[in-house]
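Have a look at upload-v8.pdb; it's PDB, C-alpha atoms:
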```
ATOM      1  CA  MET K   1      69.847-122.435  31.242
ATOM      2  CA  TRP K   2      72.488-124.105  29.123
ATOM      3  CA  SER K   3      71.748-126.421  26.265
ATOM      4  CA  LYS K   4      71.875-130.133  26.966
ATOM      5  CA  ARG K   5      75.066-130.301  24.896
ATOM      6  CA  CYS K   6      76.620-127.698  27.131
ATOM      7  CA  THR K   7      75.655-129.490  30.331
ATOM      8  CA  TYR K   8      77.189-132.673  28.936
ATOM      9  CA  ALA K   9      80.364-130.795  27.999
ATOM     10  CA  LEU K  10      80.623-129.412  31.536
ATOM     11  CA  ARG K  11      80.060-132.778  33.169
ATOM     12  CA  ALA K  12      82.520-134.537  30.858
ATOM     13  CA  THR K  13      85.286-131.971  31.371
ATOM     14  CA  LEU K  14      84.715-131.991  35.140
ATOM     15  CA  TYR K  15      84.985-135.759  35.020
ATOM     16  CA  LEU K  16      88.308-135.452  33.186
ATOM     17  CA  ALA K  17      89.512-132.850  35.686
ATOM     18  CA  ALA K  18      88.713-135.229  38.535
ATOM     19  CA  GLN K  19      90.837-138.084  37.148
ATOM     20  CA  GLN K  20      93.723-138.919  39.469
ATOM     21  CA  GLN K  21      96.146-140.093  36.833
ATOM     22  CA  ASP K  22      97.338-138.438  33.652
ATOM     23  CA  GLY K  23      96.611-139.845  30.252
ATOM     24  CA  TYR K  24      93.749-140.292  27.868
ATOM     25  CA  VAL K  25      90.318-141.435  28.957
ATOM     26  CA  PRO K  26      88.232-143.449  26.473
ATOM     27  CA  ILE K  27      85.041-141.658  25.452
ATOM     28  CA  ARG K  28      83.239-144.957  26.087
ATOM     29  CA  GLN K  29      84.228-144.762  29.752
ATOM     30  CA  ILE K  30      82.917-141.208  30.106
ATOM     31  CA  SER K  31      79.736-142.172  28.305
ATOM     32  CA  ASP K  32      79.189-145.143  30.641
ATOM     33  CA  GLN K  33      80.046-143.310  33.833
ATOM     34  CA  LEU K  34      77.962-140.250  33.085
ATOM     35  CA  ASP K  35      75.198-142.107  31.288
ATOM     36  CA  ILE K  36      75.412-139.915  28.199
ATOM     37  CA  PRO K  37      74.780-141.545  24.787
ATOM     38  CA  TYR K  38      78.135-142.325  23.187
ATOM     39  CA  ALA K  39      77.475-140.824  19.755
ATOM     40  CA  TYR K  40      76.080-137.626  21.239
ATOM     41  CA  LEU K  41      78.968-137.266  23.658
ATOM     42  CA  THR K  42      81.487-137.852  20.872
ATOM     43  CA  LYS K  43      80.053-134.951  18.894
ATOM     44  CA  VAL K  44      80.169-132.616  21.869
ATOM     45  CA  LEU K  45      83.742-133.607  22.683
ATOM     46  CA  GLN K  46      84.802-133.191  19.043
ATOM     47  CA  GLU K  47      83.723-129.573  19.298
ATOM     48  CA  LEU K  48      85.894-129.129  22.394
ATOM     49  CA  ILE K  49      88.805-130.777  20.580
ATOM     50  CA  ARG K  50      88.337-128.552  17.568
ATOM     51  CA  ARG K  51      88.413-125.497  19.802
ATOM     52  CA  GLY K  52      91.579-126.597  21.579
ATOM     53  CA  LEU K  53      90.180-127.369  25.019
ATOM     54  CA  LEU K  54      90.677-131.112  24.700
ATOM     55  CA  GLN K  55      93.165-133.283  22.877
ATOM     56  CA  SER K  56      92.543-136.742  21.603
ATOM     57  CA  LEU K  57      94.518-139.849  20.768
ATOM     58  CA  ARG K  58      93.390-142.725  18.574
ATOM     59  CA  GLY K  59      94.111-146.348  19.245
ATOM     60  CA  PRO K  60      93.702-148.860  22.059
ATOM     61  CA  HIS K  61      95.124-146.525  24.719
ATOM     62  CA  GLY K  62      93.461-143.533  23.187
ATOM     63  CA  GLY K  63      90.697-141.241  24.285
ATOM     64  CA  VAL K  64      90.455-137.625  25.305
ATOM     65  CA  ALA K  65      92.309-135.462  27.803
ATOM     66  CA  LEU K  66      92.246-131.833  28.852
ATOM     67  CA  ALA K  67      94.555-129.844  26.586
ATOM     68  CA  GLN K  68      95.604-127.555  29.440
ATOM     69  CA  PRO K  69      95.883-127.960  33.205
ATOM     70  CA  ALA K  70      92.426-127.991  34.820
ATOM     71  CA  HIS K  71      93.159-124.875  36.843
ATOM     72  CA  THR K  72      93.609-122.856  33.649
ATOM     73  CA  ILE K  73      90.267-123.807  32.069
ATOM     74  CA  ALA K  74      87.393-121.651  33.299
ATOM     75  CA  LEU K  75      83.837-122.946  33.238
ATOM     76  CA  ARG K  76      83.014-120.020  31.010
ATOM     77  CA  ASP K  77      85.523-121.273  28.409
ATOM     78  CA  ILE K  78      83.554-124.490  28.060
ATOM     79  CA  ILE K  79      80.182-122.739  28.027
ATOM     80  CA  GLU K  80      81.173-120.208  25.379
ATOM     81  CA  VAL K  81      82.551-122.865  23.066
ATOM     82  CA  ILE K  82      79.315-124.839  23.116
ATOM     83  CA  ASP K  83      76.556-122.272  23.715
ATOM     84  CA  GLY K  84      78.267-119.072  22.648
ATOM     85  CA  ALA K  85      78.486-115.871  24.659
ATOM     86  CA  GLY K  86      74.846-114.900  24.156
ATOM     87  CA  LEU K  87      73.881-115.284  27.791
ATOM     88  CA  PHE K  88      76.503-112.748  28.786
ATOM     89  CA  THR K  89      75.622-110.195  26.131
ATOM     90  CA  GLU K  90      72.013-110.499  25.041
ATOM     91  CA  CYS K  91      68.642-109.312  26.299
ATOM     92  CA  VAL K  92      67.296-111.692  28.925
ATOM     93  CA  LEU K  93      64.019-111.936  27.027
ATOM     94  CA  GLY K  94      65.712-112.320  23.653
ATOM     95  CA  LEU K  95      64.111-109.153  22.301
ATOM     96  CA  PRO K  96      65.942-108.355  19.071
ATOM     97  CA  LYS K  97      65.952-104.577  19.538
ATOM     98  CA  CYS K  98      66.592-104.249  23.242
ATOM     99  CA  ASP K  99      69.751-102.377  24.192
ATOM    100  CA  ALA K 100      71.006 -99.687  26.544
ATOM    101  CA  ALA K 101      69.408 -96.910  24.461
ATOM    102  CA  ALA K 102      66.031 -98.643  24.266
ATOM    103  CA  PRO K 103      65.967-101.022  27.209
ATOM    104  CA  CYS K 104      63.234-103.495  28.032
ATOM    105  CA  SER K 105      62.028-103.267  31.593
ATOM    106  CA  LEU K 106      64.242-106.113  32.742
ATOM    107  CA  HIS K 107      67.366-104.705  31.144
ATOM    108  CA  ASN K 108      68.719-102.719  34.056
ATOM    109  CA  GLN K 109      67.958-105.411  36.598
ATOM    110  CA  TRP K 110      69.304-108.207  34.444
ATOM    111  CA  LYS K 111      72.654-106.512  33.743
ATOM    112  CA  PRO K 112      74.127-106.853  37.243
ATOM    113  CA  ILE K 113      72.887-110.445  37.517
ATOM    114  CA  ARG K 114      74.377-111.307  34.143
ATOM    115  CA  HIS K 115      77.627-109.692  35.227
ATOM    116  CA  SER K 116      77.733-111.693  38.478
ATOM    117  CA  ILE K 117      77.043-114.950  36.685
ATOM    118  CA  GLY K 118      79.697-114.156  34.075
ATOM    119  CA  THR K 119      82.284-113.324  36.721
ATOM    120  CA  MET K 120      81.448-116.423  38.724
ATOM    121  CA  LEU K 121      81.946-118.642  35.693
ATOM    122  CA  SER K 122      85.126-116.875  34.538
ATOM    123  CA  GLN K 123      86.727-117.118  37.957
ATOM    124  CA  THR K 124      85.909-120.750  38.565
ATOM    125  CA  ALA K 125      88.221-123.283  36.969
ATOM    126  CA  LEU K 126      87.445-126.925  36.303
ATOM    127  CA  ASP K 127      89.637-128.048  39.179
ATOM    128  CA  ASP K 128      87.848-125.766  41.663
ATOM    129  CA  ILE K 129      84.711-127.769  41.057
ATOM    130  CA  ALA K 130      86.356-131.155  40.573
ATOM    131  CA  ASP K 131      88.269-130.887  43.877
ATOM    132  CA  GLN K 132      85.160-130.049  45.852
ATOM    133  CA  LEU K 133      83.197-132.831  44.227
ATOM    134  CA  ALA K 134      85.959-135.304  45.032
ATOM    135  CA  ILE K 135      85.754-134.256  48.694
ATOM    136  CA  TRP K 136      82.018-134.908  48.737
ATOM    137  CA  GLU K 137      82.446-138.257  47.049
ATOM    138  CA  ARG K 138      85.050-139.320  49.631
ATOM    139  CA  LYS K 139      82.861-138.181  52.509
ATOM    140  CA  GLN K 140      80.049-140.195  51.096
ATOM    141  CA  GLN K 141      82.201-143.312  50.848
ATOM    142  CA  ASP K 142      83.499-142.840  54.402
ATOM    143  CA  SER K 143      80.197-142.198  56.090
ATOM    144  CA  GLU K 144      78.373-145.345  57.094
ATOM    145  CA  GLU K 145      74.861-144.187  56.602
ATOM    146  CA  GLY K 146      75.968-142.465  53.451
ATOM    147  CA  VAL K 147      74.219-139.581  51.829
ATOM    148  CA  SER K 148      71.553-141.017  49.652
ATOM    149  CA  ASP K 149      71.777-138.459  46.869
ATOM    150  CA  ALA K 150      73.162-139.414  43.517
ATOM    151  CA  PRO K 151      76.904-139.068  42.982
ATOM    152  CA  PHE K 152      77.844-135.778  41.415
ATOM    153  CA  PHE K 153      79.140-136.796  38.081
ATOM    154  CA  GLU K 154      77.020-139.755  37.373
ATOM    155  CA  SER K 155      73.487-139.654  36.304
ATOM    156  CA  ILE K 156      70.723-140.476  38.736
TER     157      ILE K 156
ATOM    158  CA  MET A   1      70.048-117.703  25.952
ATOM    159  CA  LEU A   2      68.940-117.939  29.519
ATOM    160  CA  LEU A   3      65.633-119.166  28.182
ATOM    161  CA  SER A   4      65.066-121.691  25.429
ATOM    162  CA  LYS A   5      64.248-120.510  21.925
ATOM    163  CA  SER A   6      60.681-121.795  22.391
ATOM    164  CA  CYS A   7      60.386-119.732  25.528
ATOM    165  CA  GLU A   8      61.716-116.582  23.883
ATOM    166  CA  TYR A   9      59.216-117.008  21.068
ATOM    167  CA  GLY A  10      56.421-117.734  23.543
ATOM    168  CA  LEU A  11      57.233-114.532  25.385
ATOM    169  CA  ARG A  12      57.415-112.535  22.181
ATOM    170  CA  ALA A  13      54.053-113.865  21.011
ATOM    171  CA  SER A  14      52.523-113.115  24.410
ATOM    172  CA  PHE A  15      53.911-109.581  24.295
ATOM    173  CA  TYR A  16      52.422-109.167  20.866
ATOM    174  CA  LEU A  17      48.982-110.171  22.146
ATOM    175  CA  ALA A  18      49.365-107.859  25.118
ATOM    176  CA  THR A  19      50.140-104.879  22.882
ATOM    177  CA  LEU A  20      47.018-105.311  20.779
ATOM    178  CA  LYS A  21      44.294-102.968  21.815
ATOM    179  CA  LYS A  22      41.457-104.957  20.374
ATOM    180  CA  GLU A  23      39.515-107.708  22.067
ATOM    181  CA  GLY A  24      39.016-111.153  20.638
ATOM    182  CA  TYR A  25      41.016-113.960  19.162
ATOM    183  CA  VAL A  26      44.090-113.447  17.020
ATOM    184  CA  SER A  27      45.000-116.078  14.474
ATOM    185  CA  ILE A  28      48.299-117.862  14.937
ATOM    186  CA  GLY A  29      48.893-117.171  11.233
ATOM    187  CA  GLU A  30      48.869-113.441  11.908
ATOM    188  CA  ILE A  31      51.275-113.759  14.833
ATOM    189  CA  SER A  32      53.507-116.021  12.787
ATOM    190  CA  ASP A  33      53.635-113.442   9.973
ATOM    191  CA  LYS A  34      54.155-110.438  12.216
ATOM    192  CA  LEU A  35      56.871-111.995  14.333
ATOM    193  CA  ASN A  36      58.469-114.036  11.595
ATOM    194  CA  ILE A  37      58.230-117.287  13.550
ATOM    195  CA  SER A  38      57.245-120.500  11.794
ATOM    196  CA  PHE A  39      53.561-121.337  12.063
ATOM    197  CA  ALA A  40      54.055-124.959  13.129
ATOM    198  CA  TYR A  41      56.568-124.006  15.810
ATOM    199  CA  LEU A  42      54.346-121.267  17.132
ATOM    200  CA  THR A  43      51.343-123.598  17.239
ATOM    201  CA  LYS A  44      53.244-126.002  19.482
ATOM    202  CA  ILE A  45      54.256-123.182  21.790
ATOM    203  CA  PHE A  46      50.674-121.964  22.062
ATOM    204  CA  GLN A  47      49.546-125.484  22.960
ATOM    205  CA  LYS A  48      51.731-125.290  26.034
ATOM    206  CA  LEU A  49      50.437-121.852  26.948
ATOM    207  CA  THR A  50      46.864-123.023  26.523
ATOM    208  CA  GLN A  51      47.473-126.132  28.610
ATOM    209  CA  ALA A  52      48.812-123.901  31.361
ATOM    210  CA  ASN A  53      45.593-121.855  31.195
ATOM    211  CA  LEU A  54      47.449-118.690  30.213
ATOM    212  CA  MET A  55      45.800-118.551  26.791
ATOM    213  CA  THR A  56      42.482-119.613  25.421
ATOM    214  CA  SER A  57      41.980-120.802  21.891
ATOM    215  CA  LEU A  58      39.044-120.946  19.546
ATOM    216  CA  ARG A  59      38.768-123.047  16.412
ATOM    217  CA  GLY A  60      37.187-121.892  13.208
ATOM    218  CA  PRO A  61      37.453-118.979  10.787
ATOM    219  CA  LYS A  62      37.202-116.317  13.508
ATOM    220  CA  GLY A  63      39.325-118.390  15.829
ATOM    221  CA  GLY A  64      42.813-118.021  17.165
ATOM    222  CA  VAL A  65      44.382-117.424  20.532
ATOM    223  CA  ALA A  66      43.867-114.837  23.250
ATOM    224  CA  LEU A  67      45.201-114.139  26.707
ATOM    225  CA  ALA A  68      43.121-116.051  29.233
ATOM    226  CA  ARG A  69      43.182-113.144  31.693
ATOM    227  CA  PRO A  70      44.186-109.497  31.679
ATOM    228  CA  ALA A  71      47.830-108.857  30.740
ATOM    229  CA  SER A  72      48.407-107.285  34.135
ATOM    230  CA  GLN A  73      47.684-110.664  35.728
ATOM    231  CA  ILE A  74      50.106-112.783  33.710
ATOM    232  CA  THR A  75      53.698-112.662  34.902
ATOM    233  CA  LEU A  76      56.779-113.540  32.901
ATOM    234  CA  MET A  77      57.318-116.337  35.390
ATOM    235  CA  ASP A  78      53.980-117.846  34.374
ATOM    236  CA  ILE A  79      55.054-117.962  30.735
ATOM    237  CA  VAL A  80      58.556-119.259  31.456
ATOM    238  CA  LYS A  81      57.278-122.057  33.693
ATOM    239  CA  ALA A  82      54.658-123.077  31.142
ATOM    240  CA  ILE A  83      57.279-123.480  28.414
ATOM    241  CA  ASP A  84      60.631-124.219  30.065
ATOM    242  CA  GLY A  85      59.401-125.636  33.374
ATOM    243  CA  ASP A  86      60.974-124.420  36.573
ATOM    244  CA  ASP A  87      64.419-125.970  36.095
ATOM    245  CA  LEU A  88      66.037-122.568  35.747
ATOM    246  CA  PHE A  89      64.842-121.614  39.205
ATOM    247  CA  THR A  90      65.566-124.919  40.902
ATOM    248  CA  GLN A  91      68.513-126.633  39.238
ATOM    249  CA  CYS A  92      72.264-126.515  39.781
ATOM    250  CA  ILE A  93      73.931-123.950  37.517
ATOM    251  CA  LEU A  94      76.228-126.658  36.167
ATOM    252  CA  GLY A  95      73.483-129.238  35.742
ATOM    253  CA  LEU A  96      75.226-131.658  38.105
ATOM    254  CA  PRO A  97      72.784-134.408  39.015
ATOM    255  CA  GLY A  98      74.011-134.807  42.616
ATOM    256  CA  CYS A  99      74.197-131.141  43.597
ATOM    257  CA  GLY A 100      71.795-130.091  46.326
ATOM    258  CA  ASN A 101      71.636-128.338  49.669
ATOM    259  CA  ARG A 102      73.240-131.251  51.490
ATOM    260  CA  LYS A 103      76.043-131.718  48.995
ATOM    261  CA  PRO A 104      76.403-128.357  47.312
ATOM    262  CA  CYS A 105      78.738-127.796  44.397
ATOM    263  CA  PRO A 106      81.045-124.818  44.970
ATOM    264  CA  LEU A 107      78.796-122.446  43.021
ATOM    265  CA  HIS A 108      75.604-123.573  44.710
ATOM    266  CA  GLU A 109      75.238-120.706  47.147
ATOM    267  CA  ALA A 110      76.320-117.873  44.863
ATOM    268  CA  TRP A 111      74.084-119.156  42.076
ATOM    269  CA  GLY A 112      71.215-119.538  44.547
ATOM    270  CA  GLU A 113      71.412-115.813  45.257
ATOM    271  CA  GLU A 114      71.469-114.761  41.604
ATOM    272  CA  ARG A 115      68.706-117.196  40.795
ATOM    273  CA  ALA A 116      66.537-115.714  43.542
ATOM    274  CA  ARG A 117      67.105-112.185  42.196
ATOM    275  CA  LEU A 118      66.174-113.413  38.765
ATOM    276  CA  ALA A 119      63.031-115.144  40.028
ATOM    277  CA  THR A 120      61.931-111.956  41.760
ATOM    278  CA  ILE A 121      62.143-109.993  38.532
ATOM    279  CA  PHE A 122      60.260-112.616  36.539
ATOM    280  CA  LYS A 123      57.511-112.705  39.138
ATOM    281  CA  GLU A 124      57.216-108.909  39.289
ATOM    282  CA  LYS A 125      56.996-108.204  35.596
ATOM    283  CA  THR A 126      53.738-108.748  33.830
ATOM    284  CA  LEU A 127      52.815-108.829  30.162
ATOM    285  CA  GLN A 128      51.225-105.456  30.786
ATOM    286  CA  SER A 129      54.448-103.817  31.968
ATOM    287  CA  ILE A 130      56.433-105.250  29.069
ATOM    288  CA  ALA A 131      53.808-104.177  26.549
ATOM    289  CA  GLN A 132      54.119-100.669  27.949
ATOM    290  CA  ASP A 133      57.891-100.702  27.379
ATOM    291  CA  LEU A 134      57.444-101.924  23.847
ATOM    292  CA  GLU A 135      55.336 -98.879  23.125
ATOM    293  CA  ASP A 136      57.501 -96.420  25.040
ATOM    294  CA  PHE A 137      60.754 -97.524  23.489
ATOM    295  CA  ASP A 138      59.515 -98.752  20.158
ATOM    296  CA  LEU A 139      61.094-102.115  20.873
ATOM    297  CA  TRP A 140      60.176-104.098  17.837
ATOM    298  CA  LEU A 141      59.406-107.703  18.456
ATOM    299  CA  VAL A 142      61.049-108.853  15.306
ATOM    300  CA  ILE A 143      64.017-108.178  13.085
ATOM    301  CA  PHE A 144      62.685-108.096   9.575
ATOM    302  CA  PRO A 145      64.901-109.916   7.128
ATOM    303  CA  ASP A 146      66.595-107.600   4.641
TER     304      ASP A 146
END
```
Can the structure from this file be put into structure tokens for me?
Amino acid sequence: MWSKRCTYALRATLYLAAQQQDGYVPIRQISDQLDIPYAYLTKVLQELIRRGLLQSLRGPHGGVALAQPAHTIALRDIIEVIDGAGLFTECVLGLPKCDAAAPCSLHNQWKPIRHSIGTMLSQTALDDIADQLAIWERKQQDSEEGVSDAPFFESI
Amino acid sequence: MLLSKSCEYGLRASFYLATLKKEGYVSIGEISDKLNISFAYLTKIFQKLTQANLMTSLRGPKGGVALARPASQITLMDIVKAIDGDDLFTQCILGLPGCGNRKPCPLHEAWGEERARLATIFKEKTLQSIAQDLEDFDLWLVIFPD
């Protein structure tokens, strides 16, 4: 539903939100941990920097960091920066002329769904997700048999 | 935006075929011209639709593509799955690799409900019902460049 770039942006910012200590995280580390090609990830993160969601520092201790506290960045902020707001405003079928006056037959059913998805993503901050994921990761480490699924952040 | 650009174009081209009253094959060139979608791109999309047995194709001067069965028997879900796969209806909303029923991300359940509503609509609607709307509301399939 999102572009690949957008999914990478979400995973990378969730990874940053889950970091225990403050400071900059090297893009190389994110790339390795999430198994996202370095050059591709750098481009995606540059867009987030340009739009003020991340800040960056050059040099040996450099990297990227969230520009605001994780509880103030909504998932929708990230999505709109990378994929735009089209999902929340456009016809579900992408019909150029569909609107309230001349609706396609999905229009009236799609609107409430679109609204729910939009609200869900506006009301959920990065730390809401990161905290829950951290709980699952800890449970997995604690349990002897373990849950065999892949870790959340990292690629399978 | 919910669907990929290829999928939107595939739907639009399918709607176009469903609105035609005449029988027979329609050349991809004609569809490309009418809908203002590049010929090469459209050809690739039709390959997927043909592979999924939703369209048939015929080579030669009278050739082209046609719906493989009546428009009332092709659902939007059929088209979407043929082009985008079923990720939209199965995957985590955030694309997290480890999210699943046993270890759900916090949006898992709420998204599951919306996704199910969405799937119902896509399974209900057929090319026939959309073609009807296009006629009733004069919903053009294309924005002509100025």
| said: Taking only C-alpha atoms into account, find every residue of chain A that has an atom no more than 8 Å from chain K, and write it out as a VMD selection string. | reply: chain A and resid 1 to 4 8 11 to 12 88 93 to 99 103 105 to 107 111 114 117 to 118 121 129 to 130 133 to 134 137 to 143
Pull C-alpha atoms from the residues just selected and write them as an mmCIF file, in the frame of the given file.
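Okay, this is what ended up in again.cif:
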```cif
data_model
loop_
_atom_site.group_PDB
_atom_site.id
_atom_site.type_symbol
_atom_site.label_atom_id
_atom_site.label_comp_id
_atom_site.auth_asym_id
_atom_site.auth_seq_id
_atom_site.Cartn_x
_atom_site.Cartn_y
_atom_site.Cartn_z
ATOM 1 C CA MET A 1 70.048 -117.703 25.952
ATOM 2 C CA LEU A 2 68.940 -117.939 29.519
ATOM 3 C CA LEU A 3 65.633 -119.166 28.182
ATOM 4 C CA SER A 4 65.066 -121.691 25.429
ATOM 5 C CA GLU A 8 61.716 -116.582 23.883
ATOM 6 C CA LEU A 11 57.233 -114.532 25.385
ATOM 7 C CA ARG A 12 57.415 -112.535 22.181
ATOM 8 C CA LEU A 88 66.037 -122.568 35.747
ATOM 9 C CA ILE A 93 73.931 -123.950 37.517
ATOM 10 C CA LEU A 94 76.228 -126.658 36.167
ATOM 11 C CA GLY A 95 73.483 -129.238 35.742
ATOM 12 C CA LEU A 96 75.226 -131.658 38.105
ATOM 13 C CA PRO A 97 72.784 -134.408 39.015
ATOM 14 C CA GLY A 98 74.011 -134.807 42.616
ATOM 15 C CA CYS A 99 74.197 -131.141 43.597
ATOM 16 C CA LYS A 103 76.043 -131.718 48.995
ATOM 17 C CA CYS A 105 78.738 -127.796 44.397
ATOM 18 C CA PRO A 106 81.045 -124.818 44.970
ATOM 19 C CA LEU A 107 78.796 -122.446 43.021
ATOM 20 C CA TRP A 111 74.084 -119.156 42.076
ATOM 21 C CA GLU A 114 71.469 -114.761 41.604
ATOM 22 C CA ARG A 117 67.105 -112.185 42.196
ATOM 23 C CA LEU A 118 66.174 -113.413 38.765
ATOM 24 C CA ILE A 121 62.143 -109.993 38.532
ATOM 25 C CA SER A 129 54.448 -103.817 31.968
ATOM 26 C CA ILE A 130 56.433 -105.250 29.069
ATOM 27 C CA ASP A 133 57.891 -100.702 27.379
ATOM 28 C CA LEU A 134 57.444 -101.924 23.847
ATOM 29 C CA PHE A 137 60.754 -97.524 23.489
ATOM 30 C CA ASP A 138 59.515 -98.752 20.158
ATOM 31 C CA LEU A 139 61.094 -102.115 20.873
ATOM 32 C CA TRP A 140 60.176 -104.098 17.837
ATOM 33 C CA LEU A 141 59.406 -107.703 18.456
ATOM 34 C CA VAL A 142 61.049 -108.853 15.306
ATOM 35 C CA ILE A 143 64.017 -108.178 13.085
#
```
| query | Which residues come within 12 Å of region 41-43 of chain K, counting only C-alpha atoms, excluding same-chain residues fewer than 4 positions away, as JSON, numbers by chain? | reply | {"K": [4, 5, 6, 7, 8, 9, 10, 11, 12, 13, 26, 27, 28, 29, 30, 31, 32, 33, 34, 35, 36, 37, 47, 48, 49, 50, 56, 63, 64, 82]}
| message | When the PyMOL selection byres ((chain K and resi 52) around 12) is applied to the structure above, which residues does it catch, written out as number ranges by chain? | response | K: 45-51, 53-56, 64-68, 73, 77-78, 81
| field | Top pick for closest residue to Lys125 (chain A), considering K:Gly23, K:His107, K:Ala70, K:Asp142 and counting only C-alpha atoms | value |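 Selected residue with least distance to Lys125 (chain A): K:His107.
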| request: Could you tell me how far CA of Asn101 (chain A) lies from CA of Tyr15 (chain K), in Å and to one decimal? | output: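 Between CA of Asn101 (chain A) and CA of Tyr15 (chain K) the gap works out to 21.2 Å.
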| request: Between CA of Gly64 (chain A) and CA of Lys48 (chain A), measure the distance and give it in Å to one decimal. | output: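 Interatomic distance, CA of Gly64 (chain A) to CA of Lys48 (chain A): 14.5 Å.
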| To one decimal place, how far is CA of Leu58 (chain A) from CA of Ile28 (chain A) in Å? | 10.8 Å
| message | What would the selection look like, as a PyMOL selection string, if the PyMOL selection byres ((chain A and resi 65-74) around 10) were run on the coordinates I just shared? | response | chain A and resi 14-15+17-19+23-28+31+43+46-47+49-50+52-59+63-64+75-79+123-131
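Within 6 Å of the point (91.2, -126.6, 34.6), counting all atoms listed in the file, the protein and nucleic acid residues come to Pro69, Ala70, His71, Thr72, Ile73, Ala125, Leu126 and Asp127 of chain K.
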With C-alpha atoms retained, write the just-selected residues as a compact mmCIF listing (two decimals), in the coordinates of the input.
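Okay, this is what ended up in out26.txt:
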```
# COMPACT_ATOMS: atom_id res chain seq x y z
CA PRO K 69 95.88 -127.96 33.20
CA ALA K 70 92.43 -127.99 34.82
CA HIS K 71 93.16 -124.88 36.84
CA THR K 72 93.61 -122.86 33.65
CA ILE K 73 90.27 -123.81 32.07
CA ALA K 125 88.22 -123.28 36.97
CA LEU K 126 87.44 -126.92 36.30
CA ASP K 127 89.64 -128.05 39.18
```
All file atoms of region 83-88 of chain A boxed axis-aligned, 4 Å per side, centre plus edges, as JSON:
```
{"center_x": 61.7, "center_y": -124.3, "center_z": 32.5, "size_x": 16.8, "size_y": 11.4, "size_z": 16.2}
```
| Which is closer to Glu135 (chain A) than all the others in A:Lys21, A:Lys5, A:Arg115, A:Lys62, using only C-alpha atoms? |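 Of A:Lys21, A:Lys5, A:Arg115, A:Lys62, the one nearest Glu135 (chain A), counting only C-alpha atoms, is A:Lys21.
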